[in-house]
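K.L.:
Quick one: the structure is below, questions incoming.
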Amino acid sequence: MIAQLTTSERQTALVLLTVLAMVGLTMAAAGRDDLLGVHGGLVMIAALAGIFGVISGYYAPEPAEERFNDYYDEPSKIGIILAMGWAAVGMFFGVWVAALLAWPDLTFDAGWSSFGRIRPVHTSGVIFGFGGNALIATSFYVLQRTSRARLPDQLSPLFVLFGYNLFCVLAATGYLMGITQSKEYAEPEWYADIWLVIVWVTYFVVYMRTLARRKEPHIYVANWYYLAFILVVAILHIVNNIAVPISLGAAKSYSIFSGVQDAMTQWWYGHNAVAFFLTAGFLGMMYYYLPKRAGRPIFSYRLSILSFWGITFFYMWAGSHHLHYTALPQWVQSLGMTFSVMLLVPSWSSAANALLTLNGAWHKVRDDATLRFMMVAAVFYGLTTFEGSFMAIRTVNSLSHYTDWTVGHVHAGALGWVAMITFGSIYASVPWLWKRETMYSPKLVEAHFWLAVSGTVVYVLAMWNSGIIQGLMWRTYNESGTLAYSFIESMVAMHPYYVARTLGGLLFLIGTLIGCYNIWMTIRTASLAAQQPELEPLTGSGAPVLQPGE
Amino acid sequence: MLFGLHYRLERKATWFVLAIIAAASVGGIVEIAPLFTIHQTVEDAPQMRVYTPLEAAGRNIYIREGCYACHSQMIRTLRDEVERYGPYSLAVESKYDHPMLWGSKRTGPDLARVGEKYSDEWHVAHLINPRHLVPESVMPAYAWLNRTGLRTDDLGNHLRALRAVGVPYTDEMIANAASDAYGQAAPDTPFAEGVTKRYGEATTVRAFDGRPGELTEMDALVAYLQILGRLTDVASKPVAAAGR
């Protein structure tokens with residue numbers, strides 16, 4: 001990794017890491033009476049480990065000029081490994097929290113292992129750890145190939161990747177210690193939020209600098225989505241997280257928003273985290289990997305324009321559908337509902353565009369589990385967006401809100417769409433990146449596929465059932481005109497579904513672990529093969545066309 | 001024609017970025033900005049009091065332990081909810097809530113009006129192990145709250161930050177935050193008088209965890225649970241009066 005940096009980049013890295021270590025030391029000193037101090041120490045240790053890493057590779061020979069003939073794939077490789085690591089961790093915590101709802105005593109008598117603290121480790125672990133790393137890794141990969149340009153330098157993409165993972169570690173360890181803002185999908189406190197802004201701005205700069213060097217006159221559609229993901233997440237993150245810390249030596253802060261304004265801001269953020277983190281970014285992935293793997297061009301250019309701008313414009317109005325029948329003014333609720341229903345048009349345009357692209361390649365879908373991952377992802381994307389628009393209708397929402405139906409909906413999207421398209425893209429990228437013909441074991445990819453699909457189906461069916469039963473029990477009246485069920489009766493009725501949900505999650509987790517093993521073995525055999533002289537010529541991603549000095 | 005325009009737009013990275021920002025900004029601006037200016041968004045409640053330092057500390061424990069992930073604090077305007085939980089929630093009731101804790105999932109029941117519905121003893125026993133009182137419950141046990149002392153030395157900083165974001169704490173409240181937190185759980189001491197003086201006669205002063213001399217996180221959390229829905233009574237008044 002260090003060998004790929006130029007000497008001046010190695011020096012810059014050392015300076016940056018030293019500054020980071022000082023920041024960590026300052027945090028540790030200022031927050032010595034507070035949990036902030038623990039995080040300060042963690043930042044310092046991370047920076048020192050980085051310094052050690054750079055120094056140990058400092059005297060390696062400089063990268064050759066020939067590097068400009070090739071794409072810079074180191075960040076994508078590391079990003080994919082990190083994404084799979086976070087997937088295993090995040091999904092393990094997911095199975096644990098699911099089990100706790102069926103068997104509440106399956107934990108320790110200590111704060112860190114309590115449901116409320118490990119639940120955000122699950123949500124952030126899978127969304128930001130797994131999803132975020134996969135987005136960064138694939139975005140760099142796709143950006144270079146669709147622009148026919150190498151990333152602008154070797155250091156800043158690594159800064160983005162490792163900086164982002166430092167944020168994820170601060171988030172997850174913070175939850176276990178009890179550091180949280182309580183804002184859904186935006187739990188990390190003020191100092192982690194500021195750090196993420198720095199990382200994110202760098203990410204944007206890397207993207208724009210690479211686009212500025214592109215050899216293709218047009219910016220490919222995948223990059224529109226990655227750009228929207230980067231830009232809008234920045235806007236959402238900054239506005240939603242404005243807060244006043246109780247002191248510069250403490251982790252705790254208070255949001256400047258309160259009550260109804262905070263509710264609207266949080267769901268404007270929350271729903272668009274779904275839109276621009278979990279949808280736009282992954283659509284970018286789909287628009288590159290699905291046609292590439294199928295060997296077919298995208299079905300319709302115009303459909304992709306239509307769906308891109310529809311998603312970018314409509315989604316930002318939809319957040320208030322999380323607040324039907326609440327103290328939020330009704331006109332805002334109605335706007336949210338209206339735009340949520342309209343969202344079906346661009347959403348289904350994207351899903352249809354993906355599936356129609358497969359026309360003429362369906363035999364590949366049958367034979368190739370990697371492409372099948374992407375196909376199933378597009379189907380789940382279509383199903384989930386339909387369900388989402390449906391649940392945003394006020395009267396439907398009166399039943400579904402507050403119940404497990406919402407949890408089922410989220411997981412249909414997260415497991416069926418986000419995770420499937422990611423696994424498909426990763427299984428496509430790994431052999432390309434590590435110069436192999438195929439994955440170590442295509443059979444294991446097949447096994448992973450069926451575990452993932454069955455896990456998702458079990459999970460979602462269980463939550464649909466429990467959610468609808470719950471919603472109905474809460475509103476059922478008996479003949480004398482009083483409520484028929486106590487709350488606890490509705491909870492007892494959930495038990496079998498919570499057991500089934502845990503099982504579904506477990507299937508999905510096992511699939512992920514198989515995926516980790518398969519990817520690891522592919523990388524290992526690749527590095528063994530690289531030591532042999534009769535290395536086959538580069539395959540897969542097409543010959544680079546760059547000239548030295550560009 | 002439009003597609004032709006786009007054909008040119010997608011060749012210009014900067015313009016493309018600006019177009020994304022423009023398209024994505026409209027929705028938020030139209031929906032969020034007016035909420036801060038339209039008077040009817042939040043009802044008037046002149047008698048509403050602020051959280052005491054002990055209740056604010058309890059609220060932070062509620063946040064820290066992620067209680068909001070399973071308990072909502074927002075009763076919707078639906079008949080069955082009003083009959084199950086009480087009068088539907090008004091915007092004003094959470095106007096001092098930075099951030100709000102309306103929640104979006106009811107694995108457990110809504111808590112918007114749970115204040116004084118159960119005794120302190122019930123809450124303490126329930127938090128130590130919910131299954132002692134409700135055998136079918138799947139709520140986590142929070143026994144360690146009862147043996148963890150409450151940190152009070154930084155409560156003044158908490159109140160000061162809350163004032164900075166708009167909660168009307170006085171200088172006196174901020175200066176006495178730590179002793180008021182102690183006093184609210186220690187009735188019949190000089191510290192207790194300061195609490196009622198600053199936060200009103202109706203403020204609950206009790207040894208919430210049953211041990212007056214010892215201030216624990218359990219005290220704070222129970223004090224918070226017992227004030228839920230009781231900072232103001234506008235929600236239980238007729239609509240016309242509440243609007244005025």
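For the structure tokens, the naming scheme is as follows: chains receive sequential letters (A, B, ...) according to their order of presentation, residues are indexed from 1 within each chain, and ligands are indexed from 1 in presentation order.
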For B:Ala22, list every protein, DNA or RNA residue within 12 Å, evaluated using only C-alpha atoms, and leave out those in the same chain fewer than 2 positions away; present the list as an MDAnalysis selection string.

P.N.:
(chainID A and resid 228 231:232 235 309 312:313 316) or (chainID B and resid 15:20 24:29)

K.L.:
Quick one: everything within 7 Å of stretch 171-174 of chain B, counting only C-alpha atoms, minus sequence neighbours fewer than 4 positions away in the same chain. Send it as a VMD selection string.

P.N.:
chain B and resid 156 159 to 160 198

K.L.:
Using only C-alpha atoms, determine which residues lie at most 9 Å from A:Lys252, disregarding the query and same-chain residues fewer than 2 positions distant; provide the list as a list in words.

P.N.:
Leu36, Ile179, Thr180, Gln181, Glu189, Trp190, Val244, Pro245, Ile246, Ser247, Ala250 and Tyr254 of chain A; His158 of chain B

K.L.:
Kindly provide the residues of chain B that approach chain A to within 6 Å, each paired with its closest atom pair and their distance in Å to one decimal, based on only C-alpha atoms, listed by chain and increasing number, as JSON lines.

P.N.:
```
{"residue": "B:Glu10", "atom": "CA", "partner": "A:Ile219", "partner_atom": "CA", "distance": 5.6}
{"residue": "B:Arg11", "atom": "CA", "partner": "A:His218", "partner_atom": "CA", "distance": 4.7}
{"residue": "B:Ala23", "atom": "CA", "partner": "A:Phe313", "partner_atom": "CA", "distance": 5.0}
{"residue": "B:Ala24", "atom": "CA", "partner": "A:Phe313", "partner_atom": "CA", "distance": 5.2}
{"residue": "B:Gly27", "atom": "CA", "partner": "A:Trp317", "partner_atom": "CA", "distance": 4.5}
{"residue": "B:Ile63", "atom": "CA", "partner": "A:Ser182", "partner_atom": "CA", "distance": 5.8}
{"residue": "B:Arg64", "atom": "CA", "partner": "A:Gly178", "partner_atom": "CA", "distance": 4.9}
{"residue": "B:Glu65", "atom": "CA", "partner": "A:Gly116", "partner_atom": "CA", "distance": 5.0}
{"residue": "B:Gly66", "atom": "CA", "partner": "A:Gly116", "partner_atom": "CA", "distance": 4.2}
{"residue": "B:Arg76", "atom": "CA", "partner": "A:Thr326", "partner_atom": "CA", "distance": 5.1}
{"residue": "B:Thr77", "atom": "CA", "partner": "A:Tyr325", "partner_atom": "CA", "distance": 5.4}
{"residue": "B:Asp80", "atom": "CA", "partner": "A:Arg475", "partner_atom": "CA", "distance": 5.5}
{"residue": "B:Leu90", "atom": "CA", "partner": "A:Ala327", "partner_atom": "CA", "distance": 5.4}
{"residue": "B:Ala91", "atom": "CA", "partner": "A:Ala327", "partner_atom": "CA", "distance": 5.0}
{"residue": "B:Ser94", "atom": "CA", "partner": "A:Gly259", "partner_atom": "CA", "distance": 4.5}
{"residue": "B:Lys95", "atom": "CA", "partner": "A:Gly259", "partner_atom": "CA", "distance": 4.6}
{"residue": "B:Asp97", "atom": "CA", "partner": "A:Ser258", "partner_atom": "CA", "distance": 5.1}
{"residue": "B:His98", "atom": "CA", "partner": "A:Ser258", "partner_atom": "CA", "distance": 4.5}
{"residue": "B:Pro99", "atom": "CA", "partner": "A:Ser258", "partner_atom": "CA", "distance": 5.2}
{"residue": "B:Met100", "atom": "CA", "partner": "A:Gly259", "partner_atom": "CA", "distance": 4.9}
{"residue": "B:Ser104", "atom": "CA", "partner": "A:Tyr402", "partner_atom": "CA", "distance": 5.3}
{"residue": "B:Lys105", "atom": "CA", "partner": "A:Tyr402", "partner_atom": "CA", "distance": 3.9}
{"residue": "B:Arg106", "atom": "CA", "partner": "A:Tyr402", "partner_atom": "CA", "distance": 5.0}
{"residue": "B:Val138", "atom": "CA", "partner": "A:Pro104", "partner_atom": "CA", "distance": 5.1}
{"residue": "B:Asn157", "atom": "CA", "partner": "A:Ile246", "partner_atom": "CA", "distance": 5.3}
{"residue": "B:His158", "atom": "CA", "partner": "A:Ile246", "partner_atom": "CA", "distance": 5.3}
{"residue": "B:Ala161", "atom": "CA", "partner": "A:Ile246", "partner_atom": "CA", "distance": 5.2}
{"residue": "B:Val165", "atom": "CA", "partner": "A:Ile256", "partner_atom": "CA", "distance": 5.0}
```

K.L.:
Taking the DSSP assignment computed from this structure's backbone, write out as a ChimeraX atom specification all residues of stretch 247-313 of chain A that belong to alpha helix (DSSP H).

P.N.:
/A:259-272,281-294,301-313

K.L.:
Just the residues within 6 Å of stretch 416-433 of chain A, please, counting only C-alpha atoms, with nothing from its chain fewer than 4 positions along; format it as a short mmCIF file (atom, residue, chain, number, x, y, z; two decimals) with C-alpha atoms, in the first residue's frame.

P.N.:
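The result, stored in selection-v3.cif:
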```cif
data_model
loop_
_atom_site.label_atom_id
_atom_site.label_comp_id
_atom_site.auth_asym_id
_atom_site.auth_seq_id
_atom_site.Cartn_x
_atom_site.Cartn_y
_atom_site.Cartn_z
CA TYR A 289 -22.02 -3.77 -12.83
CA THR A 370 -23.28 -13.17 -9.47
CA PHE A 373 -27.65 -11.43 -7.23
CA MET A 374 -28.02 -8.24 -9.28
CA ALA A 377 -31.67 -6.94 -6.24
CA PHE A 380 -36.49 -6.36 -4.62
CA TYR A 381 -35.84 -2.71 -5.46
CA ALA A 412 -36.74 -6.00 2.17
CA THR A 438 -13.35 -16.46 -11.58
CA MET A 439 -13.99 -16.49 -7.86
CA GLY A 540 -11.44 -8.38 -17.41
#
```

K.L.:
What is the atom CA of A:Ala354-atom CA of A:Ala222 distance in Å, reported with one decimal?

P.N.:
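Answer for the atom CA of A:Ala354 to atom CA of A:Ala222 separation: 12.4 Å.
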
K.L.:
Please, what distance in Å, to one decimal, runs between atom CA of A:Leu14 and atom CA of A:Ala29?

P.N.:
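That distance, rounded to one decimal, is 22.3 Å.
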
K.L.:
Which value, in Å to one decimal, gives the distance between atom CA of A:Leu42 and atom CA of A:Gly24?

P.N.:
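Interatomic distance here is 7.3 Å.
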
K.L.:
Contacts of A:Ile514 at 9 Å or less, counting only C-alpha atoms, minus same-chain residues fewer than 6 places along, as a CSV table (one decimal) with all heavy atoms, in the first residue's frame?

P.N.:
```csv
chain,number,residue,atom,x,y,z
A,444,LEU,N,-19.7,-21.8,-4.1
A,444,LEU,CA,-19.9,-21.1,-2.8
A,444,LEU,C,-20.7,-19.8,-3.1
A,444,LEU,O,-21.5,-19.4,-2.3
A,444,LEU,CB,-18.6,-20.8,-2.1
A,444,LEU,CG,-18.0,-22.0,-1.4
A,444,LEU,CD1,-16.7,-21.6,-0.7
A,444,LEU,CD2,-18.9,-22.7,-0.4
A,445,VAL,N,-20.5,-19.2,-4.2
A,445,VAL,CA,-21.3,-18.0,-4.6
A,445,VAL,C,-22.7,-18.4,-4.7
A,445,VAL,O,-23.7,-17.8,-4.3
A,445,VAL,CB,-20.8,-17.4,-5.9
A,445,VAL,CG1,-21.6,-16.2,-6.3
A,445,VAL,CG2,-19.3,-17.0,-5.8
A,447,ALA,N,-24.1,-21.0,-3.3
A,447,ALA,CA,-24.7,-21.3,-1.9
A,447,ALA,C,-25.0,-19.9,-1.2
A,447,ALA,O,-26.1,-19.8,-0.6
A,447,ALA,CB,-23.6,-22.0,-1.1
A,448,HIS,N,-24.1,-18.9,-1.3
A,448,HIS,CA,-24.4,-17.7,-0.7
A,448,HIS,C,-25.7,-17.1,-1.3
A,448,HIS,O,-26.5,-16.5,-0.5
A,448,HIS,CB,-23.2,-16.7,-0.9
A,448,HIS,CG,-23.4,-15.4,-0.3
A,448,HIS,ND1,-22.5,-14.3,-0.6
A,448,HIS,CD2,-24.3,-14.9,0.5
A,448,HIS,CE1,-22.9,-13.2,0.1
A,448,HIS,NE2,-24.0,-13.5,0.7
```

K.L.:
Please identify all polymer residues within 10 Å of B:Ala112, counting only C-alpha atoms, omitting same-chain residues fewer than 5 positions from it, and present them as a PyMOL selection string.

P.N.:
chain B and resi 71-75+85-89+93-94+101-102+225+227-230

K.L.:
Could those selected residues go to a file with all heavy atoms, as a short mmCIF file (atom, residue, chain, number, x, y, z; two decimals), in the first residue's frame?

P.N.:
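Contents of selection-v3.cif, freshly written:
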```cif
data_model
loop_
_atom_site.label_atom_id
_atom_site.label_comp_id
_atom_site.auth_asym_id
_atom_site.auth_seq_id
_atom_site.Cartn_x
_atom_site.Cartn_y
_atom_site.Cartn_z
N HIS B 71 -39.94 2.56 22.27
CA HIS B 71 -41.07 3.27 22.87
C HIS B 71 -41.25 4.61 22.16
O HIS B 71 -40.33 5.40 22.13
CB HIS B 71 -40.83 3.54 24.35
CG HIS B 71 -40.80 2.29 25.19
ND1 HIS B 71 -41.93 1.60 25.53
CD2 HIS B 71 -39.77 1.61 25.76
CE1 HIS B 71 -41.61 0.54 26.28
NE2 HIS B 71 -40.30 0.52 26.42
N SER B 72 -42.44 4.83 21.64
CA SER B 72 -42.72 6.13 21.04
C SER B 72 -43.16 7.10 22.14
O SER B 72 -43.51 6.68 23.25
CB SER B 72 -43.82 6.00 19.99
OG SER B 72 -44.97 5.44 20.58
N GLN B 73 -43.12 8.38 21.83
CA GLN B 73 -43.69 9.41 22.70
C GLN B 73 -44.53 10.32 21.81
O GLN B 73 -44.31 11.52 21.74
CB GLN B 73 -42.61 10.22 23.41
CG GLN B 73 -41.84 9.45 24.46
CD GLN B 73 -40.88 10.34 25.22
OE1 GLN B 73 -41.02 11.55 25.25
NE2 GLN B 73 -39.86 9.72 25.82
N MET B 74 -45.43 9.73 21.07
CA MET B 74 -46.25 10.51 20.14
C MET B 74 -47.55 9.75 19.94
O MET B 74 -47.59 8.74 19.24
CB MET B 74 -45.50 10.70 18.82
CG MET B 74 -46.28 11.32 17.67
SD MET B 74 -47.22 12.81 18.03
CE MET B 74 -45.95 13.98 18.49
N ILE B 75 -48.60 10.24 20.59
CA ILE B 75 -49.92 9.60 20.45
C ILE B 75 -50.60 10.23 19.24
O ILE B 75 -50.78 11.44 19.18
CB ILE B 75 -50.75 9.81 21.73
CG1 ILE B 75 -50.00 9.23 22.92
CG2 ILE B 75 -52.13 9.15 21.58
CD1 ILE B 75 -50.57 9.65 24.26
N TYR B 85 -53.80 5.33 25.20
CA TYR B 85 -52.69 6.06 25.82
C TYR B 85 -53.07 7.41 26.42
O TYR B 85 -52.31 7.96 27.20
CB TYR B 85 -51.57 6.27 24.79
CG TYR B 85 -51.02 4.99 24.21
CD1 TYR B 85 -51.13 4.71 22.85
CD2 TYR B 85 -50.37 4.07 25.03
CE1 TYR B 85 -50.63 3.55 22.31
CE2 TYR B 85 -49.86 2.90 24.50
CZ TYR B 85 -49.98 2.63 23.14
OH TYR B 85 -49.47 1.48 22.62
N GLY B 86 -54.20 8.00 25.99
CA GLY B 86 -54.58 9.31 26.50
C GLY B 86 -54.67 10.32 25.37
O GLY B 86 -54.52 9.97 24.20
N PRO B 87 -54.93 11.61 25.72
CA PRO B 87 -55.11 12.63 24.69
C PRO B 87 -53.94 12.66 23.69
O PRO B 87 -52.79 12.47 24.09
CB PRO B 87 -55.13 13.94 25.49
CG PRO B 87 -55.51 13.53 26.87
CD PRO B 87 -55.02 12.14 27.07
N TYR B 88 -54.25 12.88 22.42
CA TYR B 88 -53.19 12.88 21.41
C TYR B 88 -52.16 13.97 21.68
O TYR B 88 -52.47 15.00 22.28
CB TYR B 88 -53.76 12.98 20.00
CG TYR B 88 -54.60 14.20 19.70
CD1 TYR B 88 -54.00 15.41 19.38
CD2 TYR B 88 -55.99 14.13 19.71
CE1 TYR B 88 -54.76 16.52 19.11
CE2 TYR B 88 -56.77 15.25 19.42
CZ TYR B 88 -56.15 16.44 19.13
OH TYR B 88 -56.90 17.55 18.86
N SER B 89 -50.93 13.73 21.25
CA SER B 89 -49.82 14.63 21.57
C SER B 89 -49.91 15.92 20.77
O SER B 89 -50.27 15.91 19.60
CB SER B 89 -48.50 13.95 21.25
OG SER B 89 -48.37 12.76 21.98
N GLU B 93 -45.87 20.14 23.40
CA GLU B 93 -45.41 19.29 24.49
C GLU B 93 -43.96 18.87 24.34
O GLU B 93 -43.32 18.48 25.31
CB GLU B 93 -46.31 18.06 24.61
CG GLU B 93 -47.71 18.42 25.08
CD GLU B 93 -48.59 17.19 25.19
OE1 GLU B 93 -49.21 16.81 24.19
OE2 GLU B 93 -48.65 16.61 26.27
N SER B 94 -43.44 18.89 23.12
CA SER B 94 -42.04 18.52 22.95
C SER B 94 -41.19 19.71 22.54
O SER B 94 -40.11 19.54 21.98
CB SER B 94 -41.91 17.37 21.95
OG SER B 94 -42.59 17.66 20.76
N LEU B 101 -38.09 12.95 20.91
CA LEU B 101 -38.04 11.49 21.08
C LEU B 101 -39.38 10.87 20.71
O LEU B 101 -39.88 10.00 21.42
CB LEU B 101 -37.66 11.15 22.52
CG LEU B 101 -36.26 11.60 22.95
CD1 LEU B 101 -36.04 11.41 24.44
CD2 LEU B 101 -35.19 10.85 22.16
N TRP B 102 -39.96 11.33 19.59
CA TRP B 102 -41.27 10.82 19.18
C TRP B 102 -41.21 9.32 18.89
O TRP B 102 -42.17 8.62 19.08
CB TRP B 102 -41.78 11.54 17.93
CG TRP B 102 -42.13 12.97 18.15
CD1 TRP B 102 -41.92 13.71 19.30
CD2 TRP B 102 -42.76 13.86 17.22
NE1 TRP B 102 -42.37 15.00 19.13
CE2 TRP B 102 -42.89 15.12 17.86
CE3 TRP B 102 -43.22 13.72 15.91
CZ2 TRP B 102 -43.48 16.21 17.23
CZ3 TRP B 102 -43.79 14.82 15.29
CH2 TRP B 102 -43.92 16.05 15.93
N LEU B 225 -39.31 9.57 33.69
CA LEU B 225 -40.50 8.82 33.29
C LEU B 225 -41.75 9.40 33.96
O LEU B 225 -42.83 9.46 33.37
CB LEU B 225 -40.36 7.34 33.63
CG LEU B 225 -39.30 6.58 32.83
CD1 LEU B 225 -39.12 5.18 33.37
CD2 LEU B 225 -39.68 6.53 31.36
N ILE B 227 -42.36 12.48 34.73
CA ILE B 227 -42.77 13.81 34.25
C ILE B 227 -43.33 13.73 32.83
O ILE B 227 -43.91 14.69 32.32
CB ILE B 227 -41.60 14.82 34.34
CG1 ILE B 227 -42.10 16.27 34.20
CG2 ILE B 227 -40.55 14.57 33.28
CD1 ILE B 227 -43.01 16.71 35.31
N LEU B 228 -43.19 12.56 32.18
CA LEU B 228 -43.62 12.45 30.77
C LEU B 228 -45.10 12.80 30.63
O LEU B 228 -45.96 12.22 31.29
CB LEU B 228 -43.36 11.04 30.25
CG LEU B 228 -41.91 10.75 29.85
CD1 LEU B 228 -41.75 9.30 29.43
CD2 LEU B 228 -41.50 11.68 28.72
N GLY B 229 -45.38 13.76 29.76
CA GLY B 229 -46.76 14.19 29.53
C GLY B 229 -47.27 15.16 30.56
O GLY B 229 -48.45 15.53 30.54
N ARG B 230 -46.40 15.59 31.51
CA ARG B 230 -46.91 16.42 32.60
C ARG B 230 -46.21 17.77 32.70
O ARG B 230 -46.37 18.49 33.69
CB ARG B 230 -46.80 15.66 33.92
CG ARG B 230 -47.61 14.37 33.89
CD ARG B 230 -47.51 13.56 35.18
NE ARG B 230 -48.04 14.28 36.32
CZ ARG B 230 -47.31 14.81 37.29
NH1 ARG B 230 -46.00 14.72 37.26
NH2 ARG B 230 -47.87 15.44 38.28
#
```
